[in-house]
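Enquirer: Right, I'll just put the structure down here and ask away after.
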Amino acid sequence: MGGRSIAAGSMTLKGMVKHAIGSGRSVTYMPRPGDGAPRGVTLIPGDGIGPLVTRAVEQVMEAMHAPVYFERYEVHGDMKRVPEEVLESIRKNKVCLKGGLKTPVGGGVSSLNVQLRKELDLYASLVNCFNLPGLPTRHHNVDIVVIRENTEGEYSGLEHEVVPGVVESLKVMTKFCSERIAKYAFEYAYLNNRKTVTAVHKANIMKLADGLFLESCRQVATKYPSIKYNEIIVDNCCMQLVSKPERFDVMVTPNLYGNLVANTAAGIAGGTGVMPGGNVGGDHAVFEQGASAGNVGNEKLVEQKEANPVALLLSSAMMLRHLRFPSFADRLETAVKRVISEGKYMTKDLGGVSTTQEVVHAVIANLD
Amino acid sequence: AVNGMIKYEEVVIDNCCMMFVKNPALFDVLVMPNLYGDNISDLCAGLVGAATLVRGIALAEAVYGSAPDIAGKNMGFECLFHEKFGKSNCFTAEWCSMLRHLNLHDKADLIQNAILNTIAEGKYQTADLGGKAKTIEFTNAIIDHL
């Protein structure tokens with residue numbers, strides 16, 4: 001049972017029984033007939049390191065014989081809109097895996113990443129920041145899930161120049177969006193046995209906008225009495241994240257703060273190269289690297305093929321669980337964690353010298 | 001004429017947060033709008049060790065804000081000069097900045113050295129620096145070092 005040996009005489013009978021129950025295979029997943037049929041997943045390699053890391057996922061999925069097939073579409077950040085055929089494909093498959101799309105800074109062109117989220121109404125963005133064994137950081141026991149409102153707030157895209165030299169940018173907050181993100185956060189916590197949900201805000205300054213967000217969170221909190229709820233102002237939150245991140249569990253935030261908090265938490269726990277994440281709405285889910293890779297990572301990484309595939313591999317494990325293929329998800333996650341904890345094959349951002357391909361081979365070699 | 005030897009770079013705020021916690025030494029001077037500045041300065045303060053040790057020149061306002069959760073409990077600092085402000089270590093450092101601004105450099109140095117010596121000695125440190133001293137004890141220790 002399991003892979004561990006019990007040293008003779010080192011445990012009482014009671015201890016051995018407890019140990020045997022804890023280790024080894026869990027109670028089995030019983031599928032419905034037909035659940036094993038391969039699922040289509042829209043694949044968007046994107047820009048920069050995107051093609052490298054999505055290729056990594058394709059290779060590992062193939063090695064595992066996972067019941068997914070990818071429909072690849074070329075989308076680039078300099079396109080005006082996401083092509084309609086891509087949206088159709090995602091609507092059909094319900095699930096998408098993507099690399100980053102390069103967003104031009106300034107210039108009034110809207111980000112395709114944001115466009116995709118709005119078109120498909122992917123209103124919740126989830127990033128899981130946690131310590132990986134083998135990747136020591138300054139803090140321990142970090143396991144934070146940042147759930148960020150993905151469609152409105154500071155990203156409403158409503159800006160205009162009132163007079164030359166004066167620009168107005170509208171932050172729009174609605175009860176509808178605040179409520180549904182709060183509901184998602186508490187539901188996530190409930191389904192994943194998480195103990196606390198913390199709302200991040202700046203309602204002392206933005207009394208109406210963030211005040212509305214807080215009100216919605218408080219209302220939803222009353223429906224989950226077994227989950228602890230508290231609030232924290234965003235600047236204090238940043239400070240606490242860098243000094244005592246272990247005190248955070250699930251965090252629910254409006255759009256902009258979520259972006260900052262997720263990236264800070266990712267940096268604390270090991271870097272954007274390893275944190276998984278996804279975006280989900282009522283009908284679709286899009287999985288991608290958890291935190292931004294500095295837009296799409298720098299050119300040198302692309303040229304030398306040294307991008308870190310771990311984040312997207314862990315995101316694709318999340319995707320497999322979402323698709324109800326738990327054993328494939330577990331195998332992929334275990335293989336990746338083994339590679340990291342061994343420490344032999346790590347890319348530059350983790351302090352190693354391996355290329356993307358070497359890490360992929362190591363993961364495949366470590367698959368059960 | 002502008003000094004042409006200052007390097008100028010731009011960084012997206014989310015990437016900045018991440019780079020900051022991984023390697024703050026990458027940054028020198030940062031300029032940013034209001035909200036980002038609020039967050040980044042508190043982030044820096046957290047990295048440095050405590051909000052109380054960070055100086056900010058904002059008309060001598062303490063960086064930490066009013067810390068409503070600990071005001072009045074004699075756990076944080078109550079300022080030597082004004083009861084309203086929550087963190088007087090930071091605040092007395094503010095006064096140093098102000099004294100320098102008024103060209104009273106020797107007085108400013110005196111106070112700054114007293115604070116640094118008190119912290120270095122380690123005997124009296126308040127809760128946020130990991131010690132158990134009360135505000136008034138820490139303050140008296142600074143005065144003794146003057």
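Just remember, in the structure tokens the first chain shown is A, the second B, etc., residues are 1-based per chain, and ligands are 1-based in the order shown.
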Could you write out as a list of chain:residue names the residues of chain A within 9 Å of chain B, counting only C-alpha atoms?
Expert: A:Val105, A:Val234, A:Asp235, A:Asn236, A:Cys237, A:Cys238, A:Met239, A:Gln240, A:Leu241, A:Val242, A:Ser243, A:Asn259, A:Leu260, A:Val261, A:Ala262, A:Asn263, A:Thr264, A:Ala265, A:Ala266, A:Gly267, A:Ile268, A:Gly270, A:Gly271, A:Thr272, A:Ala291, A:Ser292, A:Ala293, A:Gly294, A:Asn295
Enquirer: Got time to write the residues from that selection, N, CA and C atoms, as a PDB file, in the first residue's frame?
Expert:
ATOM      1  N   VAL A 105       1.770  48.922 -24.380  1.00  0.00           N
ATOM      2  CA  VAL A 105       1.615  49.879 -23.280  1.00  0.00           C
ATOM      3  C   VAL A 105       1.151  51.223 -23.834  1.00  0.00           C
ATOM      4  N   VAL A 234      -5.808  47.697   1.259  1.00  0.00           N
ATOM      5  CA  VAL A 234      -4.841  47.154   0.301  1.00  0.00           C
ATOM      6  C   VAL A 234      -3.391  47.522   0.607  1.00  0.00           C
ATOM      7  N   ASP A 235      -3.140  48.747   1.154  1.00  0.00           N
ATOM      8  CA  ASP A 235      -1.736  49.068   1.415  1.00  0.00           C
ATOM      9  C   ASP A 235      -1.202  48.256   2.583  1.00  0.00           C
ATOM     10  N   ASN A 236      -2.014  48.109   3.621  1.00  0.00           N
ATOM     11  CA  ASN A 236      -1.621  47.257   4.739  1.00  0.00           C
ATOM     12  C   ASN A 236      -1.490  45.806   4.275  1.00  0.00           C
ATOM     13  N   CYS A 237      -2.358  45.433   3.348  1.00  0.00           N
ATOM     14  CA  CYS A 237      -2.317  44.070   2.819  1.00  0.00           C
ATOM     15  C   CYS A 237      -0.965  43.800   2.167  1.00  0.00           C
ATOM     16  N   CYS A 238      -0.483  44.745   1.346  1.00  0.00           N
ATOM     17  CA  CYS A 238       0.827  44.575   0.710  1.00  0.00           C
ATOM     18  C   CYS A 238       1.903  44.391   1.764  1.00  0.00           C
ATOM     19  N   MET A 239       1.828  45.182   2.805  1.00  0.00           N
ATOM     20  CA  MET A 239       2.839  45.090   3.852  1.00  0.00           C
ATOM     21  C   MET A 239       2.776  43.739   4.558  1.00  0.00           C
ATOM     22  N   GLN A 240       1.560  43.298   4.891  1.00  0.00           N
ATOM     23  CA  GLN A 240       1.410  42.014   5.570  1.00  0.00           C
ATOM     24  C   GLN A 240       1.855  40.871   4.670  1.00  0.00           C
ATOM     25  N   LEU A 241       1.601  40.998   3.378  1.00  0.00           N
ATOM     26  CA  LEU A 241       1.998  39.939   2.453  1.00  0.00           C
ATOM     27  C   LEU A 241       3.494  39.725   2.471  1.00  0.00           C
ATOM     28  N   VAL A 242       4.262  40.808   2.613  1.00  0.00           N
ATOM     29  CA  VAL A 242       5.708  40.620   2.582  1.00  0.00           C
ATOM     30  C   VAL A 242       6.277  40.308   3.949  1.00  0.00           C
ATOM     31  N   SER A 243       5.492  40.484   5.014  1.00  0.00           N
ATOM     32  CA  SER A 243       6.033  40.140   6.321  1.00  0.00           C
ATOM     33  C   SER A 243       5.423  38.880   6.919  1.00  0.00           C
ATOM     34  N   ASN A 259      -4.755  42.152  -9.144  1.00  0.00           N
ATOM     35  CA  ASN A 259      -3.573  42.058  -9.994  1.00  0.00           C
ATOM     36  C   ASN A 259      -2.309  42.235  -9.160  1.00  0.00           C
ATOM     37  N   LEU A 260      -2.305  43.290  -8.330  1.00  0.00           N
ATOM     38  CA  LEU A 260      -1.112  43.582  -7.529  1.00  0.00           C
ATOM     39  C   LEU A 260      -0.894  42.523  -6.459  1.00  0.00           C
ATOM     40  N   VAL A 261      -1.964  42.171  -5.759  1.00  0.00           N
ATOM     41  CA  VAL A 261      -1.842  41.202  -4.663  1.00  0.00           C
ATOM     42  C   VAL A 261      -1.396  39.846  -5.195  1.00  0.00           C
ATOM     43  N   ALA A 262      -1.953  39.431  -6.326  1.00  0.00           N
ATOM     44  CA  ALA A 262      -1.586  38.122  -6.878  1.00  0.00           C
ATOM     45  C   ALA A 262      -0.121  38.095  -7.268  1.00  0.00           C
ATOM     46  N   ASN A 263       0.354  39.154  -7.899  1.00  0.00           N
ATOM     47  CA  ASN A 263       1.756  39.180  -8.306  1.00  0.00           C
ATOM     48  C   ASN A 263       2.696  39.264  -7.120  1.00  0.00           C
ATOM     49  N   THR A 264       2.303  40.031  -6.094  1.00  0.00           N
ATOM     50  CA  THR A 264       3.134  40.119  -4.893  1.00  0.00           C
ATOM     51  C   THR A 264       3.201  38.753  -4.227  1.00  0.00           C
ATOM     52  N   ALA A 265       2.035  38.116  -4.066  1.00  0.00           N
ATOM     53  CA  ALA A 265       2.002  36.803  -3.428  1.00  0.00           C
ATOM     54  C   ALA A 265       2.806  35.798  -4.244  1.00  0.00           C
ATOM     55  N   ALA A 266       2.719  35.900  -5.566  1.00  0.00           N
ATOM     56  CA  ALA A 266       3.477  34.977  -6.413  1.00  0.00           C
ATOM     57  C   ALA A 266       4.977  35.186  -6.204  1.00  0.00           C
ATOM     58  N   GLY A 267       5.393  36.431  -6.132  1.00  0.00           N
ATOM     59  CA  GLY A 267       6.807  36.721  -5.923  1.00  0.00           C
ATOM     60  C   GLY A 267       7.288  36.193  -4.589  1.00  0.00           C
ATOM     61  N   ILE A 268       6.455  36.337  -3.554  1.00  0.00           N
ATOM     62  CA  ILE A 268       6.790  35.869  -2.215  1.00  0.00           C
ATOM     63  C   ILE A 268       6.979  34.368  -2.184  1.00  0.00           C
ATOM     64  N   GLY A 270       7.660  32.198  -4.643  1.00  0.00           N
ATOM     65  CA  GLY A 270       8.577  31.495  -5.536  1.00  0.00           C
ATOM     66  C   GLY A 270       8.684  32.079  -6.928  1.00  0.00           C
ATOM     67  N   GLY A 271       7.819  33.032  -7.273  1.00  0.00           N
ATOM     68  CA  GLY A 271       7.958  33.664  -8.573  1.00  0.00           C
ATOM     69  C   GLY A 271       6.855  33.308  -9.537  1.00  0.00           C
ATOM     70  N   THR A 272       6.712  34.148 -10.572  1.00  0.00           N
ATOM     71  CA  THR A 272       5.621  33.926 -11.516  1.00  0.00           C
ATOM     72  C   THR A 272       5.866  32.707 -12.383  1.00  0.00           C
ATOM     73  N   ALA A 291       0.331  34.382 -12.563  1.00  0.00           N
ATOM     74  CA  ALA A 291       0.649  35.803 -12.460  1.00  0.00           C
ATOM     75  C   ALA A 291       1.349  36.253 -13.737  1.00  0.00           C
ATOM     76  N   SER A 292       1.312  37.530 -14.020  1.00  0.00           N
ATOM     77  CA  SER A 292       1.847  38.019 -15.289  1.00  0.00           C
ATOM     78  C   SER A 292       3.340  37.745 -15.371  1.00  0.00           C
ATOM     79  N   ALA A 293       3.825  37.464 -16.585  1.00  0.00           N
ATOM     80  CA  ALA A 293       5.250  37.179 -16.719  1.00  0.00           C
ATOM     81  C   ALA A 293       5.943  38.428 -17.223  1.00  0.00           C
ATOM     82  N   GLY A 294       5.612  39.573 -16.651  1.00  0.00           N
ATOM     83  CA  GLY A 294       6.156  40.828 -17.152  1.00  0.00           C
ATOM     84  C   GLY A 294       5.622  41.058 -18.529  1.00  0.00           C
ATOM     85  N   ASN A 295       4.304  40.992 -18.669  1.00  0.00           N
ATOM     86  CA  ASN A 295       3.621  40.985 -19.954  1.00  0.00           C
ATOM     87  C   ASN A 295       3.804  39.616 -20.596  1.00  0.00           C
TER      88      ASN A 295
END
Enquirer: Find the spatial neighbours of range 110-117 of chain B, counting only C-alpha atoms, within a cut-off of 6 Å - ignore same-chain residues fewer than 3 positions away - and output them as a PyMOL selection string.
Expert: chain B and resi 107+120-121+142+145-146
Enquirer: May I have the selected residues written with N, CA and C atoms, as a short mmCIF file (atom, residue, chain, number, x, y, z; two decimals), in the first residue's frame?
Expert:
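The result, written out as out.cif:
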data_model
loop_
_atom_site.label_atom_id
_atom_site.label_comp_id
_atom_site.auth_asym_id
_atom_site.auth_seq_id
_atom_site.Cartn_x
_atom_site.Cartn_y
_atom_site.Cartn_z
N LYS B 107 21.08 69.00 15.15
CA LYS B 107 20.00 68.48 16.00
C LYS B 107 19.40 67.21 15.39
N ALA B 120 19.64 49.48 17.89
CA ALA B 120 20.77 48.56 17.79
C ALA B 120 21.04 47.88 19.12
N GLU B 121 20.85 48.64 20.20
CA GLU B 121 21.08 48.07 21.53
C GLU B 121 20.13 46.91 21.80
N ILE B 142 15.25 56.45 24.04
CA ILE B 142 15.81 57.37 23.02
C ILE B 142 16.35 58.62 23.70
N HIS B 145 19.61 58.21 25.21
CA HIS B 145 20.72 58.12 24.26
C HIS B 145 21.11 59.46 23.67
N LEU B 146 20.28 60.48 23.95
CA LEU B 146 20.60 61.78 23.35
C LEU B 146 21.86 62.36 23.95
#
Enquirer: Take CA of Thr222 in chain A and CA of Cys177 in chain A and report the distance between them in Å, one decimal.
Expert: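 That distance, rounded to one decimal, is 18.0 Å.
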Enquirer: Measuring atom to atom with only C-alpha atoms, identify which of B:Val29, B:Thr118, B:Asp106, B:Lys123 is nearest to Ile143 in chain B.
Expert: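 Among the listed residues, the smallest separation from Ile143 in chain B belongs to B:Thr118.
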Enquirer: Which residues, written as a ChimeraX atom specification, have at least one atom at most 12 Å from Val86 in chain A, with only C-alpha atoms counted and residues fewer than 4 positions away on the same chain left out?
Expert: /A:41-44,71-76,81-82,90-98,116,119-120
Enquirer: Would you return as a PyMOL selection string the members of range 56-294 of chain A that DSSP assigns to helix (DSSP H, G or I) on this structure's backbone?
Expert: chain A and resi 56-64+84-93+112-119+175-191+209-221+234-243+245-247+255-269
Enquirer: Quick one: distance from CA of Leu301 in chain A to CA of Val53 in chain A in Å, one decimal?
Expert: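 Interatomic distance, CA of Leu301 in chain A to CA of Val53 in chain A: 11.4 Å.
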Enquirer: List the spatial neighbours of range 304-316 of chain A as a list in words - criterion: any atom at most 6 Å away, only C-alpha atoms, same-chain residues fewer than 6 positions off excluded.
Expert: Val53, Val57, Gly273, Val274, Met275, Pro276, Gly277, Gln289, Thr347, Thr355 and Thr356 of chain A
Enquirer: Taking 2 positions as the minimum chain separation for residues in the same chain, which residues sit within 12 Å of range 163-175 of chain A when counting only C-alpha atoms? Answer as a VMD selection string.
Expert: chain A and resid 149 to 161 177 to 183 206 to 217 219 to 220 254 to 256
Enquirer: Residues within 10 Å of Tyr224 in chain A, please, as number ranges by chain. Count only C-alpha atoms; anything in the same chain fewer than 5 positions from it doesn't count.
Expert: A: 183, 186-187, 189-190, 219, 229
